[in-house]
$ cat structure-v5.cif   # mmCIF, C-alpha atoms
data_start
loop_
_atom_site.label_atom_id
_atom_site.label_comp_id
_atom_site.auth_asym_id
_atom_site.auth_seq_id
_atom_site.Cartn_x
_atom_site.Cartn_y
_atom_site.Cartn_z
CA MET C 1 26.95 -9.62 10.58
CA THR C 2 24.68 -8.02 7.94
CA HIS C 3 25.12 -4.60 9.53
CA MET C 4 28.91 -4.90 9.47
CA LEU C 5 28.93 -6.05 5.83
CA LEU C 6 26.77 -3.07 4.86
CA CYS C 7 29.08 -0.72 6.77
CA ARG C 8 32.12 -2.16 5.01
CA MET C 9 30.48 -1.94 1.59
CA PHE C 10 29.49 1.71 1.94
CA PHE C 11 32.89 2.84 3.20
CA GLU C 12 35.14 0.76 0.96
CA ARG C 13 33.08 0.66 -2.23
CA PHE C 14 31.01 3.86 -2.17
CA ASN C 15 33.52 5.95 -0.17
CA VAL C 16 30.86 7.67 1.97
CA ALA C 17 31.76 10.23 4.62
CA GLY C 18 29.47 8.74 7.26
CA PHE C 19 27.20 5.73 7.73
CA THR C 20 24.34 4.74 10.03
CA TYR C 21 21.75 2.00 9.93
CA ILE C 22 17.99 1.86 10.39
CA GLU C 23 15.64 -0.98 9.54
CA ARG C 24 13.04 -0.33 6.87
CA PRO C 25 9.88 -1.01 8.97
CA LEU C 26 11.10 1.43 11.59
CA ALA C 27 11.87 4.05 8.93
CA SER C 28 8.36 3.60 7.54
CA LEU C 29 6.84 4.30 10.96
CA TYR C 30 9.00 7.40 11.38
CA GLY C 31 7.80 8.62 7.99
CA ALA C 32 4.22 8.27 9.27
CA ASN C 33 5.04 10.19 12.48
CA GLN C 34 4.77 7.07 14.66
CA ILE C 35 7.09 5.16 16.98
CA SER C 36 4.68 2.27 17.71
CA GLY C 37 2.55 0.29 15.31
CA VAL C 38 2.30 -2.59 12.86
CA VAL C 39 4.06 -2.32 9.49
CA ILE C 40 2.50 -4.35 6.67
CA GLU C 41 4.79 -4.38 3.65
CA ILE C 42 3.19 -5.90 0.54
CA GLY C 43 5.70 -7.20 -1.98
CA GLN C 44 5.47 -9.03 -5.27
CA ASP C 45 5.00 -12.52 -3.86
CA GLU C 46 4.68 -12.10 -0.10
CA THR C 47 3.47 -9.76 2.61
CA ASP C 48 5.59 -9.10 5.71
CA VAL C 49 3.98 -8.11 9.02
CA ILE C 50 6.04 -6.85 11.97
CA ALA C 51 5.13 -5.02 15.17
CA CYS C 52 7.05 -2.17 16.76
CA PHE C 53 6.77 -0.55 20.19
CA GLU C 54 8.59 2.68 20.95
CA SER C 55 11.11 2.16 18.13
CA GLN C 56 11.86 -1.44 19.15
CA LEU C 57 10.92 -3.98 16.47
CA HIS C 58 9.55 -7.37 17.59
CA HIS C 59 11.38 -9.65 15.16
CA GLY C 60 10.36 -12.78 17.04
CA SER C 61 6.66 -12.26 16.32
CA SER C 62 6.95 -11.17 12.68
CA LEU C 63 5.10 -13.13 9.98
CA SER C 64 5.38 -13.49 6.23
CA ILE C 65 2.28 -14.37 4.19
CA PRO C 66 2.95 -15.96 0.77
CA ILE C 67 0.48 -13.66 -1.00
CA GLY C 68 1.56 -10.52 -2.80
CA THR C 69 0.85 -8.11 -5.61
CA ARG C 70 1.06 -10.68 -8.40
CA ASP C 71 -1.57 -12.84 -6.71
CA CYS C 72 -3.93 -9.87 -6.62
CA GLU C 73 -3.20 -9.18 -10.29
CA ARG C 74 -4.01 -12.69 -11.45
CA TYR C 75 -7.15 -12.71 -9.29
CA LEU C 76 -8.43 -9.48 -10.86
CA ALA C 77 -7.46 -10.77 -14.32
CA GLN C 78 -9.70 -13.79 -13.75
CA ILE C 79 -12.57 -11.47 -12.80
CA LEU C 80 -11.97 -9.35 -15.92
CA ARG C 81 -12.53 -12.46 -18.06
CA SER C 82 -16.26 -11.88 -17.58
CA ASN C 83 -15.94 -8.28 -18.78
CA SER C 84 -17.09 -8.33 -22.40
CA SER C 85 -15.48 -4.96 -23.14
CA ALA C 86 -12.07 -6.17 -21.92
CA THR C 87 -12.14 -9.50 -23.75
CA ALA C 88 -13.40 -7.91 -26.97
CA ALA C 89 -10.62 -5.31 -26.92
CA LEU C 90 -7.79 -7.67 -25.92
CA SER C 91 -8.94 -10.55 -28.15
CA PRO C 92 -10.96 -9.09 -31.06
CA PRO C 93 -13.06 -11.51 -33.17
CA GLU C 94 -11.04 -10.73 -36.31
CA LEU C 95 -7.74 -11.51 -34.55
CA PRO C 96 -8.41 -13.86 -31.59
CA VAL C 97 -5.66 -15.09 -29.27
CA ASP C 98 -5.30 -18.31 -27.30
CA GLY C 99 -6.09 -18.67 -23.63
CA VAL C 100 -2.55 -18.16 -22.27
CA GLU C 101 -1.96 -15.00 -24.31
CA LEU C 102 -5.34 -13.64 -23.26
CA ASP C 103 -4.43 -14.32 -19.62
CA ARG C 104 -1.22 -12.35 -20.04
CA ARG C 105 -3.07 -9.40 -21.54
CA LEU C 106 -5.67 -9.47 -18.78
CA ILE C 107 -2.94 -9.53 -16.14
CA GLY C 108 -1.30 -6.56 -17.85
CA LEU C 109 -4.63 -4.72 -17.79
CA ALA C 110 -5.08 -5.52 -14.09
CA ARG C 111 -1.58 -4.20 -13.40
CA HIS C 112 -2.33 -1.05 -15.36
CA LEU C 113 -5.52 -0.46 -13.37
CA TRP C 114 -3.94 -0.49 -9.92
CA GLN C 115 -0.78 1.33 -10.96
CA SER C 116 -2.89 4.10 -12.53
CA GLY C 117 -4.86 4.60 -9.29
CA HIS C 118 -8.19 3.24 -10.55
CA VAL C 119 -8.56 0.76 -7.65
CA LYS C 120 -10.18 1.82 -4.40
CA ILE C 121 -11.19 -0.53 -1.62
CA PRO C 122 -14.87 0.20 -0.78
CA ILE C 123 -15.57 0.90 2.88
CA GLU C 124 -19.03 0.93 4.41
CA GLY C 125 -19.94 4.33 5.76
CA ASP C 126 -17.75 6.33 3.38
CA LYS C 127 -18.67 9.98 3.36
CA GLU C 128 -20.47 11.03 0.25
CA LYS C 129 -19.23 13.93 -1.79
CA GLU C 130 -19.74 17.27 -0.10
CA GLU C 131 -22.99 18.92 -1.10
CA GLU C 132 -22.85 22.29 -2.78
CA GLY C 133 -22.81 25.06 -0.19
CA ASN C 134 -21.27 22.85 2.54
CA LEU C 135 -17.70 22.62 1.30
CA ASP C 136 -14.87 22.28 3.80
CA ILE C 137 -12.45 24.81 2.29
CA ALA C 138 -9.59 23.93 4.65
CA ALA C 139 -9.86 20.22 3.85
CA LEU C 140 -9.94 20.94 0.12
CA LEU C 141 -6.82 23.08 0.32
CA VAL C 142 -4.94 20.43 2.31
CA SER C 143 -5.95 17.63 -0.04
CA GLY C 144 -5.08 19.69 -3.13
CA LYS C 145 -8.59 19.45 -4.66
CA GLU C 146 -9.28 23.16 -4.95
CA ARG C 147 -8.47 23.20 -8.66
CA THR C 148 -10.98 20.42 -9.32
CA ILE C 149 -13.76 22.35 -7.56
CA ILE C 150 -12.95 25.55 -9.47
CA GLU C 151 -12.94 23.78 -12.83
CA ALA C 152 -16.24 22.04 -12.02
CA ALA C 153 -17.82 25.38 -11.13
CA ASN C 154 -16.53 27.01 -14.31
CA SER C 155 -17.85 24.16 -16.44
CA ARG C 156 -21.35 24.71 -15.08
CA LYS C 157 -21.17 28.38 -16.02
CA LYS C 158 -20.37 27.81 -19.69
CA PRO C 159 -23.36 29.04 -21.72
CA GLY C 160 -24.48 27.82 -25.10
CA GLN C 161 -23.51 24.16 -24.90
CA THR C 162 -24.19 22.16 -28.03
CA LYS C 163 -26.31 19.03 -28.06
CA ALA C 164 -23.23 16.82 -28.48
CA GLU C 165 -21.54 18.44 -25.49
CA ARG C 166 -24.65 17.98 -23.33
CA GLU C 167 -24.90 14.32 -24.34
CA ARG C 168 -21.25 13.78 -23.58
CA GLU C 169 -21.64 15.42 -20.18
CA GLU C 170 -24.70 13.30 -19.38
CA ARG C 171 -22.85 10.18 -20.46
CA GLU C 172 -19.94 11.06 -18.17
CA LYS C 173 -22.31 11.64 -15.27
CA GLU C 174 -23.98 8.29 -15.89
CA MET C 175 -20.61 6.51 -15.95
CA ALA C 176 -19.59 8.26 -12.74
CA ALA C 177 -22.87 7.24 -11.07
CA LYS C 178 -22.29 3.60 -12.03
CA ASP C 179 -18.57 3.81 -11.14
CA LEU C 180 -17.53 3.01 -14.72
CA ILE C 181 -14.24 4.17 -16.22
CA SER C 182 -12.83 4.13 -19.74
CA VAL C 183 -9.25 2.84 -19.77
CA ASN C 184 -6.71 3.23 -22.56
CA TYR C 185 -4.30 0.31 -22.27
CA LEU C 186 -1.38 0.14 -24.72
CA ASP C 187 -2.66 0.22 -28.31
CA TYR C 188 -5.94 -1.55 -27.61
CA PRO C 189 -9.32 0.15 -28.00
CA ALA C 190 -10.85 1.89 -24.98
CA ILE C 191 -11.97 -0.61 -22.33
CA ILE C 192 -14.92 0.02 -20.00
CA VAL C 193 -14.25 -1.33 -16.51
CA GLY C 194 -16.77 -1.27 -13.67
CA LYS C 195 -16.79 -1.84 -9.94
CA GLU C 196 -15.14 -5.24 -10.26
CA ARG C 197 -11.75 -3.50 -10.30
CA HIS C 198 -12.20 -2.64 -6.62
CA ARG C 199 -11.99 -6.36 -5.74
CA PHE C 200 -8.27 -6.29 -6.50
CA CYS C 201 -7.13 -6.79 -2.87
CA GLU C 202 -9.58 -9.54 -1.92
CA PRO C 203 -6.90 -12.31 -1.88
CA LEU C 204 -5.13 -10.51 0.98
CA PHE C 205 -8.21 -10.82 3.17
CA GLU C 206 -9.58 -14.09 1.69
CA PRO C 207 -6.74 -16.33 0.43
CA LEU C 208 -9.21 -19.00 -0.72
CA ALA C 209 -10.30 -16.59 -3.46
CA LEU C 210 -7.15 -17.64 -5.36
CA ASN C 211 -8.54 -21.14 -5.96
CA HIS C 212 -9.96 -20.08 -9.33
CA ALA C 213 -7.38 -17.42 -10.26
CA ILE C 214 -5.09 -17.51 -13.30
CA PRO C 215 -2.03 -19.78 -12.65
CA LEU C 216 1.03 -18.11 -11.14
CA GLN C 217 3.21 -19.52 -13.93
CA THR C 218 1.54 -17.15 -16.40
CA VAL C 219 2.56 -14.09 -14.38
CA VAL C 220 6.14 -15.33 -13.96
CA GLU C 221 6.55 -15.96 -17.69
CA MET C 222 5.00 -12.59 -18.53
CA ASP C 223 7.45 -10.76 -16.26
CA GLY C 224 10.37 -12.64 -17.81
CA LEU C 225 11.80 -13.74 -14.48
CA SER C 226 14.54 -16.32 -14.42
CA TYR C 227 13.30 -18.27 -11.41
CA PRO C 228 10.25 -20.56 -11.65
CA PRO C 229 7.31 -20.52 -9.23
CA PRO C 230 7.45 -22.87 -6.24
CA VAL C 231 7.29 -26.54 -7.18
CA VAL C 232 5.23 -27.35 -4.09
CA PRO C 233 1.82 -25.64 -4.45
CA ARG C 234 0.71 -23.40 -1.63
CA ASP C 235 -2.04 -24.77 0.57
CA LEU C 236 -4.48 -21.87 0.64
CA ASP C 237 -6.30 -23.40 3.62
CA LEU C 238 -3.17 -22.83 5.76
CA ILE C 239 -2.50 -19.23 4.68
CA LEU C 240 -3.61 -16.64 7.22
CA PRO C 241 -5.75 -13.73 6.03
CA LEU C 242 -4.05 -10.38 6.50
CA GLN C 243 -6.28 -9.30 9.39
CA THR C 244 -5.62 -12.58 11.23
CA ALA C 245 -1.87 -12.29 10.64
CA VAL C 246 -1.87 -8.78 12.11
CA HIS C 247 -3.77 -10.02 15.16
CA VAL C 248 -1.35 -12.94 15.64
CA VAL C 249 1.66 -10.61 15.42
CA VAL C 250 0.22 -8.14 17.93
CA LYS C 251 -0.94 -10.93 20.24
CA ALA C 252 2.66 -12.15 20.53
CA THR C 253 3.75 -8.83 22.05
CA PRO C 254 3.53 -7.99 25.78
CA PHE C 255 -0.02 -7.26 26.89
CA PRO C 256 0.42 -3.58 27.90
CA GLN C 257 1.95 -2.75 24.52
CA ARG C 258 -0.91 -4.01 22.34
CA PRO C 259 -3.23 -0.97 22.52
CA HIS C 260 -0.38 1.31 21.43
CA ILE C 261 0.65 -1.02 18.61
CA TYR C 262 -2.92 -1.22 17.28
CA PHE C 263 -2.91 2.57 17.03
CA GLY C 264 -0.46 2.54 14.13
CA LEU C 265 -1.51 0.28 11.22
CA LEU C 266 0.79 1.24 8.35
CA ILE C 267 0.60 -0.39 4.91
CA THR C 268 3.62 0.13 2.67
CA GLY C 269 5.19 -1.63 -0.29
CA ASP C 270 3.80 -2.05 -3.78
CA LEU C 271 0.18 -1.44 -2.76
CA GLY C 272 0.85 1.42 -0.38
CA ASN C 273 -0.99 3.85 -2.66
CA ILE C 274 -4.24 1.85 -2.90
CA GLN C 275 -7.02 4.05 -1.51
CA GLY C 276 -9.00 2.55 1.34
CA LEU C 277 -6.75 -0.46 1.96
CA GLY C 278 -5.79 0.67 5.45
CA LEU C 279 -9.39 1.41 6.42
CA ALA C 280 -10.48 -1.98 5.05
CA LEU C 281 -7.92 -3.69 7.28
CA GLN C 282 -9.00 -1.57 10.23
CA SER C 283 -12.65 -2.60 9.84
CA ARG C 284 -11.72 -6.29 9.54
CA LEU C 285 -9.76 -6.13 12.80
CA ALA C 286 -12.89 -5.19 14.77
CA PRO C 287 -13.76 -8.82 15.76
CA PHE C 288 -10.38 -9.12 17.50
CA LEU C 289 -10.85 -5.99 19.63
CA CYS C 290 -12.87 -5.19 22.74
CA ILE C 291 -15.18 -2.61 21.20
CA ASP C 292 -17.84 -2.59 23.94
CA ARG C 293 -15.95 -0.09 26.07
CA GLN C 294 -17.16 3.52 25.96
CA GLN C 295 -14.90 5.64 23.75
CA THR C 296 -14.07 9.28 24.36
CA GLU C 297 -14.24 11.96 21.69
CA THR C 298 -10.44 11.84 21.32
CA PRO C 299 -9.45 8.14 21.21
CA ILE C 300 -6.43 7.23 23.29
CA PRO C 301 -4.85 3.80 23.90
CA GLN C 302 -6.45 1.99 26.85
CA PHE C 303 -5.01 -0.88 28.88
CA GLN C 304 -6.88 -3.31 26.64
CA ALA C 305 -6.99 -2.99 22.87
CA THR C 306 -10.35 -1.45 22.00
CA LEU C 307 -9.57 0.39 18.77
CA ALA C 308 -7.36 0.04 15.72
CA ARG C 309 -6.29 3.10 13.81
CA THR C 310 -4.43 3.50 10.54
CA ALA C 311 -1.28 5.57 10.23
CA LYS C 312 -0.23 7.48 7.14
CA VAL C 313 2.30 10.00 5.95
CA PRO C 314 1.21 13.46 7.19
CA GLU C 315 -0.38 15.65 4.54
CA TYR C 316 1.97 18.56 5.23
CA PHE C 317 4.60 16.66 3.23
CA ALA C 318 3.31 18.04 -0.06
CA GLU C 319 5.66 15.97 -2.24
CA PHE C 320 4.28 12.74 -0.78
CA ARG C 321 0.61 13.76 -0.67
CA ASP C 322 -0.44 11.98 -3.87
CA LYS C 323 1.84 8.96 -3.42
CA GLY C 324 0.09 7.41 -0.43
CA ASP C 325 2.36 5.52 1.96
CA LEU C 326 4.39 3.93 -0.82
CA LEU C 327 7.48 6.02 -0.01
CA ALA C 328 7.09 6.13 3.78
CA ALA C 329 10.41 4.32 4.30
CA PHE C 330 12.22 6.79 2.02
CA LEU C 331 10.73 9.73 3.92
CA GLY C 332 11.64 8.18 7.28
CA CYS C 333 15.24 7.61 6.17
CA GLY C 334 15.45 11.23 5.05
CA ILE C 335 14.23 12.43 8.44
CA ILE C 336 16.68 10.20 10.31
CA ALA C 337 19.58 11.25 8.06
CA LYS C 338 18.89 14.92 8.68
CA MET C 339 18.75 14.43 12.45
CA THR C 340 21.67 12.01 12.66
CA PHE C 341 24.25 13.61 10.39
CA GLY C 342 23.29 17.09 11.59
CA ASP C 343 24.35 16.19 15.13
CA ALA C 344 27.62 17.96 15.91
CA SER C 345 28.66 15.31 18.45
CA GLY C 346 28.55 12.60 15.76
CA ARG C 347 27.66 9.85 18.22
CA ASN C 348 24.90 8.33 16.09
CA PHE C 349 26.86 7.44 12.95
CA VAL C 350 30.22 6.04 11.92
CA THR C 351 32.77 8.44 10.45
CA LYS C 352 35.68 7.54 8.20
CA ALA C 353 38.11 8.02 11.07
CA GLU C 354 36.17 5.68 13.35
CA TYR C 355 35.85 3.11 10.58
CA GLY C 356 39.58 3.22 9.98
CA GLU C 357 40.20 2.72 13.69
CA LYS C 358 37.61 0.07 14.57
CA GLY C 359 36.59 -1.40 11.23
CA PRO C 360 33.05 -2.68 10.42
CA PRO C 361 32.20 -3.49 14.09
CA ALA C 362 32.06 0.26 14.74
CA ILE C 363 28.47 0.30 13.46
CA LEU C 364 27.31 -1.90 16.34
CA GLY C 365 28.05 0.77 18.92
CA LEU C 366 27.18 3.91 16.99
CA ALA C 367 23.83 3.09 15.34
CA PRO C 368 20.98 3.89 17.78
CA THR C 369 18.74 1.11 16.46
CA LEU C 370 21.42 -1.54 17.10
CA LEU C 371 22.27 -0.71 20.71
#
$ encode --input "structure-v5.cif" --output "structure tokens"
Amino acid sequence: MTHMLLCRMFFERFNVAGFTYIERPLASLYGANQISGVVIEIGQDETDVIACFESQLHHGSSLSIPIGTRDCERYLAQILRSNSSATAALSPPELPVDGVELDRRLIGLARHLWQSGHVKIPIEGDKEKEEEGNLDIAALLVSGKERTIIEAANSRKKPGQTKAEREREEREKEMAAKDLISVNYLDYPAIIVGKERHRFCEPLFEPLALNHAIPLQTVVEMDGLSYPPPVVPRDLDLILPLQTAVHVVVKATPFPQRPHIYFGLLITGDLGNIQGLGLALQSRLAPFLCIDRQQTETPIPQFQATLARTAKVPEYFAEFRDKGDLLAAFLGCGIIAKMTFGDASGRNFVTKAEYGEKGPPAILGLAPTLL
């Protein structure tokens, strides 16, 4: 019924020339060059997990976890309460604010941190920065970091640096070594934030961490939303961690499909551009997999799930390189539209003539994902 209503709306209200339908998780997988996998879409207040095998979504095994972006924001805001630089800037001694207003400002700072790309999920075994003389030129060109390397080399060649410049450079190196950043948030003074910002996504993997977080009501009032938070409080003991939810979803699929599904972990939604989130999920799925089997140099799906692998938008899409997997669904829809509407036979979409003849039910027989 939803598909027919959408078909009717696009033809009668938007007057389109053709219409087809594809579900968003499937479009996200197509954008990541996959047809099988698990799509984890993180929204404001919940996270949806659904499995897909060879373009067929398993709706019966999908799960929705009542933890989203705003829960991570209020968790990080609670951590930032212990940051003296943040509290001094947001609530100066000469003009202090009450607890609720301070919570709102801290939540705004936490939101600014992750939206500005300052949050990265630490992963054990991360490769250190390439040593001088052992640079992978091809990898640098693909990742778009060649300009950074050139500027760093030119800065080392500048002769005659003043004492102030050398002190500033040493101070920047010290901050980089300690993983400290200086953040300019609204009109407040510069705020020094350390490694605690990387704990932003902990509630997704450990829901009990929200026991001491800032109340959800504060976030709702700050956003100016018309609907109140749930009257019945969420029992954090009954909320599945993200890694467990993914395992439960995959476990509900047929046994031979599981290795292929584990080979496509795709995180989209609001937090799709958080660096390291996919690898953090991959490492936490290890206890659910049979990792004792000998692996080949080129991993391939076995009969039993032995390895989980993250999927991402290919780097040859230059426009999406710096956006992570946030727009994977948009990219997938663009790919499907080009293939579908470019087909001369026109058997994969509804035309105006077919809509006038059959009405909204025409979409049920002409959309490949609905057959």
$ resolve_selection --input "structure-v5.cif" --expression "the PyMOL selection byres ((chain C and resi 282) around 9)" --output "count of residues only"
15
$ closest_residue --input "structure-v5.cif" --among "C:Pro287, C:Gly37, C:Gly117, C:Pro254" --to "Val49 in chain C" --atoms "only C-alpha atoms"
C:Gly37
$ closest_residue --input "structure-v5.cif" --among "C:Leu204, C:Glu170, C:Gly342, C:Leu102" --to "Glu46 in chain C" --atoms "only C-alpha atoms"
C:Leu204
$ atom_distance --input "structure-v5.cif" --atom1 "CA of Ala337 in chain C" --atom2 "CA of Tyr355 in chain C"
18.4 Å
$ atom_distance --input "structure-v5.cif" --atom1 "CA of Val313 in chain C" --atom2 "CA of Ile261 in chain C"
16.9 Å
$ atom_distance --input "structure-v5.cif" --atom1 "CA of Phe288 in chain C" --atom2 "CA of Glu73 in chain C"
28.7 Å
$ resolve_selection --input "structure-v5.cif" --expression "the PyMOL selection byres ((chain C and resi 207) around 10)" --output "tab-separated table (two decimals) with C-alpha atoms, in the coordinates of the input"
chain	number	residue	atom	x	y	z
C	65	ILE	CA	2.28	-14.37	4.19
C	66	PRO	CA	2.95	-15.96	0.77
C	67	ILE	CA	0.48	-13.66	-1.00
C	71	ASP	CA	-1.57	-12.84	-6.71
C	72	CYS	CA	-3.93	-9.87	-6.62
C	202	GLU	CA	-9.58	-9.54	-1.92
C	203	PRO	CA	-6.90	-12.31	-1.88
C	204	LEU	CA	-5.13	-10.51	0.98
C	205	PHE	CA	-8.21	-10.82	3.17
C	206	GLU	CA	-9.58	-14.09	1.69
C	208	LEU	CA	-9.21	-19.00	-0.72
C	209	ALA	CA	-10.30	-16.59	-3.46
C	210	LEU	CA	-7.15	-17.64	-5.36
C	211	ASN	CA	-8.54	-21.14	-5.96
C	235	ASP	CA	-2.04	-24.77	0.57
C	236	LEU	CA	-4.48	-21.87	0.64
C	237	ASP	CA	-6.30	-23.40	3.62
C	238	LEU	CA	-3.17	-22.83	5.76
C	239	ILE	CA	-2.50	-19.23	4.68
C	240	LEU	CA	-3.61	-16.64	7.22
C	241	PRO	CA	-5.75	-13.73	6.03
C	242	LEU	CA	-4.05	-10.38	6.50
$ closest_residue --input "structure-v5.cif" --among "C:Ser116, C:Thr244, C:Thr268, C:Thr2" --to "Tyr185 in chain C" --atoms "all atoms listed in the file"
C:Ser116
$ closest_residue --input "structure-v5.cif" --among "C:Leu76, C:Ala17, C:Ala362, C:Leu266" --to "Ile42 in chain C" --atoms "all atoms listed in the file"
C:Leu266
$ resolve_selection --input "structure-v5.cif" --expression "the PyMOL selection byres ((chain C and resi 262) around 12)" --output "PyMOL selection string"
chain C and resi 34-39+50-53+243+246-251+253+255-261+263-266+281-282+285-286+288-289+300-311
$ write_last_selection --input "structure-v5.cif" --atoms "C-alpha atoms" --output "mmCIF file, keeping the file's coordinate frame"
data_model
loop_
_atom_site.group_PDB
_atom_site.id
_atom_site.type_symbol
_atom_site.label_atom_id
_atom_site.label_comp_id
_atom_site.auth_asym_id
_atom_site.auth_seq_id
_atom_site.Cartn_x
_atom_site.Cartn_y
_atom_site.Cartn_z
ATOM 1 C CA GLN C 34 4.770 7.070 14.660
ATOM 2 C CA ILE C 35 7.090 5.160 16.980
ATOM 3 C CA SER C 36 4.680 2.270 17.710
ATOM 4 C CA GLY C 37 2.550 0.290 15.310
ATOM 5 C CA VAL C 38 2.300 -2.590 12.860
ATOM 6 C CA VAL C 39 4.060 -2.320 9.490
ATOM 7 C CA ILE C 50 6.040 -6.850 11.970
ATOM 8 C CA ALA C 51 5.130 -5.020 15.170
ATOM 9 C CA CYS C 52 7.050 -2.170 16.760
ATOM 10 C CA PHE C 53 6.770 -0.550 20.190
ATOM 11 C CA GLN C 243 -6.280 -9.300 9.390
ATOM 12 C CA VAL C 246 -1.870 -8.780 12.110
ATOM 13 C CA HIS C 247 -3.770 -10.020 15.160
ATOM 14 C CA VAL C 248 -1.350 -12.940 15.640
ATOM 15 C CA VAL C 249 1.660 -10.610 15.420
ATOM 16 C CA VAL C 250 0.220 -8.140 17.930
ATOM 17 C CA LYS C 251 -0.940 -10.930 20.240
ATOM 18 C CA THR C 253 3.750 -8.830 22.050
ATOM 19 C CA PHE C 255 -0.020 -7.260 26.890
ATOM 20 C CA PRO C 256 0.420 -3.580 27.900
ATOM 21 C CA GLN C 257 1.950 -2.750 24.520
ATOM 22 C CA ARG C 258 -0.910 -4.010 22.340
ATOM 23 C CA PRO C 259 -3.230 -0.970 22.520
ATOM 24 C CA HIS C 260 -0.380 1.310 21.430
ATOM 25 C CA ILE C 261 0.650 -1.020 18.610
ATOM 26 C CA PHE C 263 -2.910 2.570 17.030
ATOM 27 C CA GLY C 264 -0.460 2.540 14.130
ATOM 28 C CA LEU C 265 -1.510 0.280 11.220
ATOM 29 C CA LEU C 266 0.790 1.240 8.350
ATOM 30 C CA LEU C 281 -7.920 -3.690 7.280
ATOM 31 C CA GLN C 282 -9.000 -1.570 10.230
ATOM 32 C CA LEU C 285 -9.760 -6.130 12.800
ATOM 33 C CA ALA C 286 -12.890 -5.190 14.770
ATOM 34 C CA PHE C 288 -10.380 -9.120 17.500
ATOM 35 C CA LEU C 289 -10.850 -5.990 19.630
ATOM 36 C CA ILE C 300 -6.430 7.230 23.290
ATOM 37 C CA PRO C 301 -4.850 3.800 23.900
ATOM 38 C CA GLN C 302 -6.450 1.990 26.850
ATOM 39 C CA PHE C 303 -5.010 -0.880 28.880
ATOM 40 C CA GLN C 304 -6.880 -3.310 26.640
ATOM 41 C CA ALA C 305 -6.990 -2.990 22.870
ATOM 42 C CA THR C 306 -10.350 -1.450 22.000
ATOM 43 C CA LEU C 307 -9.570 0.390 18.770
ATOM 44 C CA ALA C 308 -7.360 0.040 15.720
ATOM 45 C CA ARG C 309 -6.290 3.100 13.810
ATOM 46 C CA THR C 310 -4.430 3.500 10.540
ATOM 47 C CA ALA C 311 -1.280 5.570 10.230
#
$ axis_aligned_box --input "structure-v5.cif" --around "range 261-266 of chain C" --padding-each-side "8 Å" --output "lines of an AutoDock Vina configuration file"
center_x = -1.1
center_y = 0.7
center_z = 13.5
size_x = 19.7
size_y = 19.8
size_z = 26.3
$ closest_residue --input "structure-v5.cif" --among "C:Ala328, C:Ala252, C:Leu180, C:Ala77" --to "Ser61 in chain C" --atoms "all atoms listed in the file"
C:Ala252
$ residues_around --input "structure-v5.cif" --residues "Lys358 in chain C" --least-positions-apart "6" --cutoff "12 Å" --atoms "all atoms listed in the file" --output "list in words"
Met4, Cys7, Arg8, Val350, Thr351, Lys352, Leu364, Gly365 and Leu366 of chain C
$ write_last_selection --input "structure-v5.cif" --atoms "C-alpha atoms" --output "mmCIF file, in the frame of the given file"
data_model
loop_
_atom_site.group_PDB
_atom_site.id
_atom_site.type_symbol
_atom_site.label_atom_id
_atom_site.label_comp_id
_atom_site.auth_asym_id
_atom_site.auth_seq_id
_atom_site.Cartn_x
_atom_site.Cartn_y
_atom_site.Cartn_z
ATOM 1 C CA MET C 4 28.910 -4.900 9.470
ATOM 2 C CA CYS C 7 29.080 -0.720 6.770
ATOM 3 C CA ARG C 8 32.120 -2.160 5.010
ATOM 4 C CA VAL C 350 30.220 6.040 11.920
ATOM 5 C CA THR C 351 32.770 8.440 10.450
ATOM 6 C CA LYS C 352 35.680 7.540 8.200
ATOM 7 C CA LEU C 364 27.310 -1.900 16.340
ATOM 8 C CA GLY C 365 28.050 0.770 18.920
ATOM 9 C CA LEU C 366 27.180 3.910 16.990
#
$ closest_residue --input "structure-v5.cif" --among "C:Leu6, C:Glu101, C:Ala88, C:Gln78" --to "Ala190 in chain C" --atoms "only C-alpha atoms"
C:Ala88
$ residues_around --input "structure-v5.cif" --residues "Asp325 in chain C" --least-positions-apart "4" --cutoff "12 Å" --atoms "only C-alpha atoms" --output "MDAnalysis selection string"
chainID C and resid 27:33 39:42 265:278 310:315 317 319:321 329:332
$ build_atoms --input "structure-v5.cif" --residues "range 284-288 of chain C" --atoms "N, CA, C and O atoms" --output "mmCIF file, in the coordinates of the input"
data_model
loop_
_atom_site.group_PDB
_atom_site.id
_atom_site.type_symbol
_atom_site.label_atom_id
_atom_site.label_comp_id
_atom_site.auth_asym_id
_atom_site.auth_seq_id
_atom_site.Cartn_x
_atom_site.Cartn_y
_atom_site.Cartn_z
ATOM 1 N N ARG C 284 -11.762 -4.829 9.387
ATOM 2 C CA ARG C 284 -11.720 -6.290 9.540
ATOM 3 C C ARG C 284 -11.044 -6.723 10.834
ATOM 4 O O ARG C 284 -11.119 -7.888 11.205
ATOM 5 N N LEU C 285 -10.368 -5.809 11.511
ATOM 6 C CA LEU C 285 -9.760 -6.130 12.800
ATOM 7 C C LEU C 285 -10.736 -5.972 13.966
ATOM 8 O O LEU C 285 -10.403 -6.331 15.097
ATOM 9 N N ALA C 286 -11.925 -5.438 13.704
ATOM 10 C CA ALA C 286 -12.890 -5.190 14.770
ATOM 11 C C ALA C 286 -13.246 -6.447 15.573
ATOM 12 O O ALA C 286 -13.381 -6.372 16.799
ATOM 13 N N PRO C 287 -13.418 -7.635 14.941
ATOM 14 C CA PRO C 287 -13.760 -8.820 15.760
ATOM 15 C C PRO C 287 -12.682 -9.211 16.757
ATOM 16 O O PRO C 287 -12.972 -9.943 17.713
ATOM 17 N N PHE C 288 -11.455 -8.759 16.580
ATOM 18 C CA PHE C 288 -10.380 -9.120 17.500
ATOM 19 C C PHE C 288 -10.216 -8.121 18.638
ATOM 20 O O PHE C 288 -9.363 -8.312 19.508
#
